[in-house]
Structures are given as C-alpha cells and as structure tokens.
$ cat target_39.pdb   # PDB, N, CA and C atoms
MODEL        1
ATOM      1  N   MET A   1      99.304  95.117  97.241
ATOM      2  CA  MET A   1      98.771  96.451  97.182
ATOM      3  C   MET A   1      99.852  97.410  96.763
ATOM      4  N   LYS A   2      99.429  98.561  96.252
ATOM      5  CA  LYS A   2     100.352  99.638  95.906
ATOM      6  C   LYS A   2      99.905 100.890  96.639
ATOM      7  N   ALA A   3     100.862 101.637  97.175
ATOM      8  CA  ALA A   3     100.567 102.887  97.867
ATOM      9  C   ALA A   3     101.578 103.930  97.426
ATOM     10  N   LYS A   4     101.112 105.155  97.227
ATOM     11  CA  LYS A   4     101.991 106.267  96.851
ATOM     12  C   LYS A   4     102.095 107.231  98.012
ATOM     13  N   GLY A   5     103.299 107.783  98.191
ATOM     14  CA  GLY A   5     103.508 108.750  99.254
ATOM     15  C   GLY A   5     104.978 109.078  99.410
ATOM     16  N   THR A   6     105.334 109.525 100.606
ATOM     17  CA  THR A   6     106.701 109.927 100.918
ATOM     18  C   THR A   6     107.265 108.994 101.978
ATOM     19  N   ILE A   7     108.450 108.470 101.715
ATOM     20  CA  ILE A   7     109.134 107.603 102.678
ATOM     21  C   ILE A   7     109.836 108.479 103.694
ATOM     22  N   ARG A   8     109.665 108.146 104.959
ATOM     23  CA  ARG A   8     110.291 108.886 106.059
ATOM     24  C   ARG A   8     111.042 107.923 106.976
ATOM     25  N   ARG A   9     112.142 108.390 107.516
ATOM     26  CA  ARG A   9     112.899 107.645 108.524
ATOM     27  C   ARG A   9     112.535 108.223 109.873
ATOM     28  N   SER A  10     112.058 107.389 110.775
ATOM     29  CA  SER A  10     111.692 107.815 112.120
ATOM     30  C   SER A  10     112.705 107.262 113.117
ATOM     31  N   ASP A  11     113.114 108.091 114.066
ATOM     32  CA  ASP A  11     114.033 107.645 115.113
ATOM     33  C   ASP A  11     113.292 107.080 116.317
ATOM     34  N   LEU A  12     111.971 107.058 116.261
ATOM     35  CA  LEU A  12     111.144 106.539 117.338
ATOM     36  C   LEU A  12     111.467 105.069 117.609
ATOM     37  N   GLU A  13     111.614 104.715 118.861
ATOM     38  CA  GLU A  13     111.840 103.332 119.294
ATOM     39  C   GLU A  13     112.989 102.643 118.558
ATOM     40  N   GLY A  14     114.108 103.326 118.420
ATOM     41  CA  GLY A  14     115.290 102.718 117.805
ATOM     42  C   GLY A  14     115.361 102.886 116.309
ATOM     43  N   GLY A  15     114.350 103.451 115.697
ATOM     44  CA  GLY A  15     114.366 103.754 114.273
ATOM     45  C   GLY A  15     113.591 102.768 113.422
ATOM     46  N   HIS A  16     112.858 103.303 112.458
ATOM     47  CA  HIS A  16     112.144 102.489 111.485
ATOM     48  C   HIS A  16     111.774 103.363 110.290
ATOM     49  N   TRP A  17     111.385 102.728 109.213
ATOM     50  CA  TRP A  17     110.940 103.408 108.001
ATOM     51  C   TRP A  17     109.432 103.427 107.970
ATOM     52  N   GLN A  18     108.865 104.527 107.441
ATOM     53  CA  GLN A  18     107.426 104.578 107.275
ATOM     54  C   GLN A  18     107.089 105.247 105.946
ATOM     55  N   LEU A  19     105.910 104.945 105.462
ATOM     56  CA  LEU A  19     105.380 105.586 104.269
ATOM     57  C   LEU A  19     104.205 106.441 104.714
ATOM     58  N   VAL A  20     104.302 107.746 104.421
ATOM     59  CA  VAL A  20     103.192 108.660 104.674
ATOM     60  C   VAL A  20     102.476 108.800 103.338
ATOM     61  N   GLY A  21     101.311 108.173 103.239
ATOM     62  CA  GLY A  21     100.592 108.087 101.982
ATOM     63  C   GLY A  21      99.992 109.408 101.534
ATOM     64  N   ASP A  22      99.816 109.552 100.229
ATOM     65  CA  ASP A  22      99.172 110.740  99.675
ATOM     66  C   ASP A  22      97.752 110.899 100.205
ATOM     67  N   ASP A  23      97.145 109.792 100.613
ATOM     68  CA  ASP A  23      95.781 109.824 101.146
ATOM     69  C   ASP A  23      95.749 110.067 102.656
ATOM     70  N   GLY A  24      96.929 110.275 103.279
ATOM     71  CA  GLY A  24      97.008 110.546 104.706
ATOM     72  C   GLY A  24      97.247 109.323 105.571
ATOM     73  N   GLU A  25      97.138 108.126 104.999
ATOM     74  CA  GLU A  25      97.364 106.905 105.773
ATOM     75  C   GLU A  25      98.870 106.648 105.890
ATOM     76  N   SER A  26      99.308 106.193 107.057
ATOM     77  CA  SER A  26     100.722 105.878 107.284
ATOM     78  C   SER A  26     100.902 104.391 107.485
ATOM     79  N   PHE A  27     102.037 103.881 107.006
ATOM     80  CA  PHE A  27     102.403 102.480 107.168
ATOM     81  C   PHE A  27     103.817 102.399 107.719
ATOM     82  N   GLN A  28     104.051 101.440 108.599
ATOM     83  CA  GLN A  28     105.402 101.133 109.032
ATOM     84  C   GLN A  28     105.950 100.104 108.052
ATOM     85  N   LEU A  29     107.112 100.386 107.467
ATOM     86  CA  LEU A  29     107.661  99.542 106.412
ATOM     87  C   LEU A  29     108.600  98.477 106.954
ATOM     88  N   SER A  30     108.538  97.301 106.335
ATOM     89  CA  SER A  30     109.469  96.207 106.630
ATOM     90  C   SER A  30     109.730  95.480 105.318
ATOM     91  N   GLY A  31     110.674  94.575 105.317
ATOM     92  CA  GLY A  31     110.951  93.798 104.109
ATOM     93  C   GLY A  31     112.061  94.398 103.280
ATOM     94  N   ASN A  32     111.862  94.477 101.964
ATOM     95  CA  ASN A  32     112.879  94.918 101.008
ATOM     96  C   ASN A  32     112.986  96.443 101.021
ATOM     97  N   LEU A  33     113.867  96.981 101.868
ATOM     98  CA  LEU A  33     114.001  98.424 102.055
ATOM     99  C   LEU A  33     115.305  98.987 101.504
ATOM    100  N   LYS A  34     115.987  98.240 100.619
ATOM    101  CA  LYS A  34     117.294  98.684 100.109
ATOM    102  C   LYS A  34     117.204  99.993  99.329
ATOM    103  N   ASP A  35     116.045 100.314  98.751
ATOM    104  CA  ASP A  35     115.881 101.544  97.986
ATOM    105  C   ASP A  35     115.223 102.669  98.782
ATOM    106  N   ALA A  36     114.997 102.457 100.078
ATOM    107  CA  ALA A  36     114.353 103.475 100.912
ATOM    108  C   ALA A  36     115.321 104.619 101.205
ATOM    109  N   LYS A  37     114.819 105.841 101.037
ATOM    110  CA  LYS A  37     115.581 107.052 101.353
ATOM    111  C   LYS A  37     114.621 108.051 101.987
ATOM    112  N   ASP A  38     115.070 108.719 103.033
ATOM    113  CA  ASP A  38     114.232 109.693 103.711
ATOM    114  C   ASP A  38     113.840 110.814 102.747
ATOM    115  N   GLY A  39     112.550 111.088 102.640
ATOM    116  CA  GLY A  39     112.050 112.146 101.777
ATOM    117  C   GLY A  39     111.732 111.710 100.360
ATOM    118  N   LEU A  40     111.974 110.452 100.035
ATOM    119  CA  LEU A  40     111.736 109.942  98.682
ATOM    120  C   LEU A  40     110.242 109.816  98.404
ATOM    121  N   ARG A  41     109.784 110.442  97.302
ATOM    122  CA  ARG A  41     108.421 110.211  96.819
ATOM    123  C   ARG A  41     108.446 108.895  96.071
ATOM    124  N   ALA A  42     107.545 107.985  96.425
ATOM    125  CA  ALA A  42     107.633 106.639  95.870
ATOM    126  C   ALA A  42     106.277 105.960  95.786
ATOM    127  N   GLU A  43     106.249 104.947  94.925
ATOM    128  CA  GLU A  43     105.156 103.985  94.906
ATOM    129  C   GLU A  43     105.721 102.716  95.537
ATOM    130  N   VAL A  44     105.068 102.244  96.564
ATOM    131  CA  VAL A  44     105.546 101.085  97.308
ATOM    132  C   VAL A  44     104.577  99.935  97.081
ATOM    133  N   GLU A  45     105.124  98.784  96.687
ATOM    134  CA  GLU A  45     104.319  97.581  96.490
ATOM    135  C   GLU A  45     104.608  96.602  97.618
ATOM    136  N   GLY A  46     103.581  95.920  98.074
ATOM    137  CA  GLY A  46     103.758  94.927  99.120
ATOM    138  C   GLY A  46     102.428  94.473  99.662
ATOM    139  N   SER A  47     102.483  93.831 100.818
ATOM    140  CA  SER A  47     101.257  93.341 101.448
ATOM    141  C   SER A  47     101.125  93.939 102.841
ATOM    142  N   VAL A  48      99.883  94.187 103.227
ATOM    143  CA  VAL A  48      99.580  94.846 104.502
ATOM    144  C   VAL A  48      98.884  93.874 105.437
ATOM    145  N   ASP A  49      99.296  93.913 106.700
ATOM    146  CA  ASP A  49      98.578  93.201 107.755
ATOM    147  C   ASP A  49      98.093  94.250 108.734
ATOM    148  N   LYS A  50      96.839  94.676 108.600
ATOM    149  CA  LYS A  50      96.295  95.748 109.439
ATOM    150  C   LYS A  50      96.135  95.332 110.897
ATOM    151  N   ASN A  51      96.271  94.045 111.193
ATOM    152  CA  ASN A  51      96.129  93.576 112.572
ATOM    153  C   ASN A  51      97.462  93.477 113.295
ATOM    154  N   GLN A  52      98.556  93.744 112.598
ATOM    155  CA  GLN A  52      99.886  93.654 113.195
ATOM    156  C   GLN A  52     100.450  95.048 113.392
ATOM    157  N   MET A  53     101.072  95.301 114.543
ATOM    158  CA  MET A  53     101.733  96.576 114.814
ATOM    159  C   MET A  53     103.194  96.311 115.161
ATOM    160  N   GLY A  54     104.060  97.241 114.803
ATOM    161  CA  GLY A  54     105.470  97.132 115.138
ATOM    162  C   GLY A  54     105.773  97.962 116.375
ATOM    163  N   PHE A  55     107.028  97.998 116.755
ATOM    164  CA  PHE A  55     107.438  98.769 117.926
ATOM    165  C   PHE A  55     107.174 100.259 117.748
ATOM    166  N   GLY A  56     107.301 100.751 116.517
ATOM    167  CA  GLY A  56     107.094 102.171 116.252
ATOM    168  C   GLY A  56     105.647 102.602 116.367
ATOM    169  N   MET A  57     104.719 101.668 116.166
ATOM    170  CA  MET A  57     103.283 101.918 116.283
ATOM    171  C   MET A  57     102.844 103.143 115.478
ATOM    172  N   THR A  58     103.382 103.281 114.246
ATOM    173  CA  THR A  58     103.032 104.422 113.403
ATOM    174  C   THR A  58     102.036 104.052 112.319
ATOM    175  N   GLY A  59     101.507 102.859 112.365
ATOM    176  CA  GLY A  59     100.522 102.419 111.391
ATOM    177  C   GLY A  59     100.666 100.940 111.114
ATOM    178  N   PRO A  60      99.800 100.413 110.248
ATOM    179  CA  PRO A  60      99.874  98.999 109.889
ATOM    180  C   PRO A  60     101.217  98.655 109.246
ATOM    181  N   GLN A  61     101.623  97.405 109.373
ATOM    182  CA  GLN A  61     102.866  96.921 108.770
ATOM    183  C   GLN A  61     102.668  96.701 107.277
ATOM    184  N   LEU A  62     103.534  97.295 106.467
ATOM    185  CA  LEU A  62     103.547  97.067 105.026
ATOM    186  C   LEU A  62     104.835  96.331 104.701
ATOM    187  N   SER A  63     104.721  95.062 104.343
ATOM    188  CA  SER A  63     105.883  94.258 103.968
ATOM    189  C   SER A  63     106.199  94.567 102.510
ATOM    190  N   VAL A  64     107.298  95.288 102.287
ATOM    191  CA  VAL A  64     107.645  95.841 100.983
ATOM    192  C   VAL A  64     108.269  94.784 100.082
ATOM    193  N   SER A  65     107.770  94.728  98.847
ATOM    194  CA  SER A  65     108.407  93.889  97.832
ATOM    195  C   SER A  65     109.143  94.740  96.800
ATOM    196  N   LYS A  66     108.692  96.018  96.615
ATOM    197  CA  LYS A  66     109.327  96.881  95.619
ATOM    198  C   LYS A  66     109.057  98.345  95.944
ATOM    199  N   ILE A  67     110.100  99.180  95.750
ATOM    200  CA  ILE A  67     109.983 100.636  95.885
ATOM    201  C   ILE A  67     110.365 101.261  94.560
ATOM    202  N   THR A  68     109.474 102.100  94.006
ATOM    203  CA  THR A  68     109.740 102.788  92.752
ATOM    204  C   THR A  68     109.640 104.289  92.987
ATOM    205  N   ALA A  69     110.717 105.028  92.699
ATOM    206  CA  ALA A  69     110.713 106.489  92.849
ATOM    207  C   ALA A  69     109.748 107.105  91.839
ATOM    208  N   ILE A  70     108.995 108.139  92.283
ATOM    209  CA  ILE A  70     108.094 108.869  91.405
ATOM    210  C   ILE A  70     108.339 110.369  91.594
ATOM    211  N   LYS A  71     107.819 111.156  90.660
ATOM    212  CA  LYS A  71     107.956 112.616  90.765
ATOM    213  C   LYS A  71     106.737 113.211  91.399
TER     214      LYS A  71
ENDMDL
END

$ encode --input "target_39.pdb" --output "structure tokens"
Amino acid sequence: MKAKGTIRRSDLEGGHWQLVGDDGESFQLSGNLKDAKDGLRAEVEGSVDKNQMGFGMTGPQLSVSKITAIK
C-alpha cells in the first residue's frame, strides 16, 4: 500500500515514528525508517496489519519498505 501524509516523531512510550495521513488516518511506522524525519511530507510504501498494535497504540502498524519525500 501507499499512504501520503506527514511523518511525526512521538515520545509516547519510549518513542516511535508515525504517519499522519492526509485522509486523517494514522499509522505507527516500523521497518525501513532511515529516511524518516519529523515533519517530513512523504509518500510511504509498505504493508499494513490492522490487527496488530504497537506500544504507542497510535494506529495500525505500517511496515515501511520505502519513504519518498513530497511537496
């Protein structure tokens, strides 16, 4: 799947990355996060498991395969 939005760094529960989607849906990010930056507008590619929650509990887990910056 691909989702567009803003990447945010949360300090909740020891810290994690999340994507706040343009459609209002939020995902907790895991996987390939080397290009993640707080405030970055991006298109994120990966797979979602809506039945799995992380410690941050900020949304479904999105296992990232690629992050592409957008304007």

$ atom_distance --input "target_39.pdb" --atom1 "atom N of Glu43 of chain A" --atom2 "atom N of Lys66 of chain A"
9.4 Å

$ resolve_selection --input "target_39.pdb" --expression "the PyMOL selection byres ((chain A and resi 47) around 5)" --output "ChimeraX atom specification"
/A:1,45-46,48-49,62-63

$ closest_residue --input "target_39.pdb" --among "A:Ser30, A:Leu40, A:Gly21, A:Gln61" --to "Arg9 of chain A" --atoms "all atoms listed in the file"
A:Leu40

$ closest_residue --input "target_39.pdb" --among "A:Gln18, A:Gly24, A:Gly39, A:Leu33" --to "Ser65 of chain A" --atoms "all atoms listed in the file"
A:Leu33

$ atom_distance --input "target_39.pdb" --atom1 "atom N of Lys2 of chain A" --atom2 "atom N of Gly14 of chain A"
27.0 Å

$ resolve_selection --input "target_39.pdb" --expression "the PyMOL selection byres (((chain A and resi 25 and name CA) around 10) and name CA)" --output "list in words"
Ala3, Gly5, Leu19, Val20, Gly21, Asp22, Asp23, Gly24, Ser26, Phe27, Thr58, Gly59 and Pro60 of chain A

$ atom_distance --input "target_39.pdb" --atom1 "atom C of Glu13 of chain A" --atom2 "atom CA of Ile70 of chain A"
28.3 Å

$ closest_residue --input "target_39.pdb" --among "A:Asp38, A:Gly15, A:Gln28, A:Arg8" --to "Val64 of chain A" --atoms "only N, CA and C atoms"
A:Gln28

$ axis_aligned_box --input "target_39.pdb" --around "segment 23-32 of chain A" --padding-each-side "8 Å" --output "AutoDock Vina command-line options"
--center_x 104.4 --center_y 102.2 --center_z 104.8 --size_x 33.2 --size_y 32.7 --size_z 24.4

$ select_by_dssp --input "target_39.pdb" --residues "chain A" --states "strand (DSSP E or B)" --output "PyMOL selection string"
chain A and resi 2-10+16-21+26-31+41-49+61-69

$ resolve_selection --input "target_39.pdb" --expression "the PyMOL selection byres (((chain A and resi 71 and name CA) around 8) and name CA)" --output "list of chain:residue names"
A:Arg41, A:Ala42, A:Ala69, A:Ile70
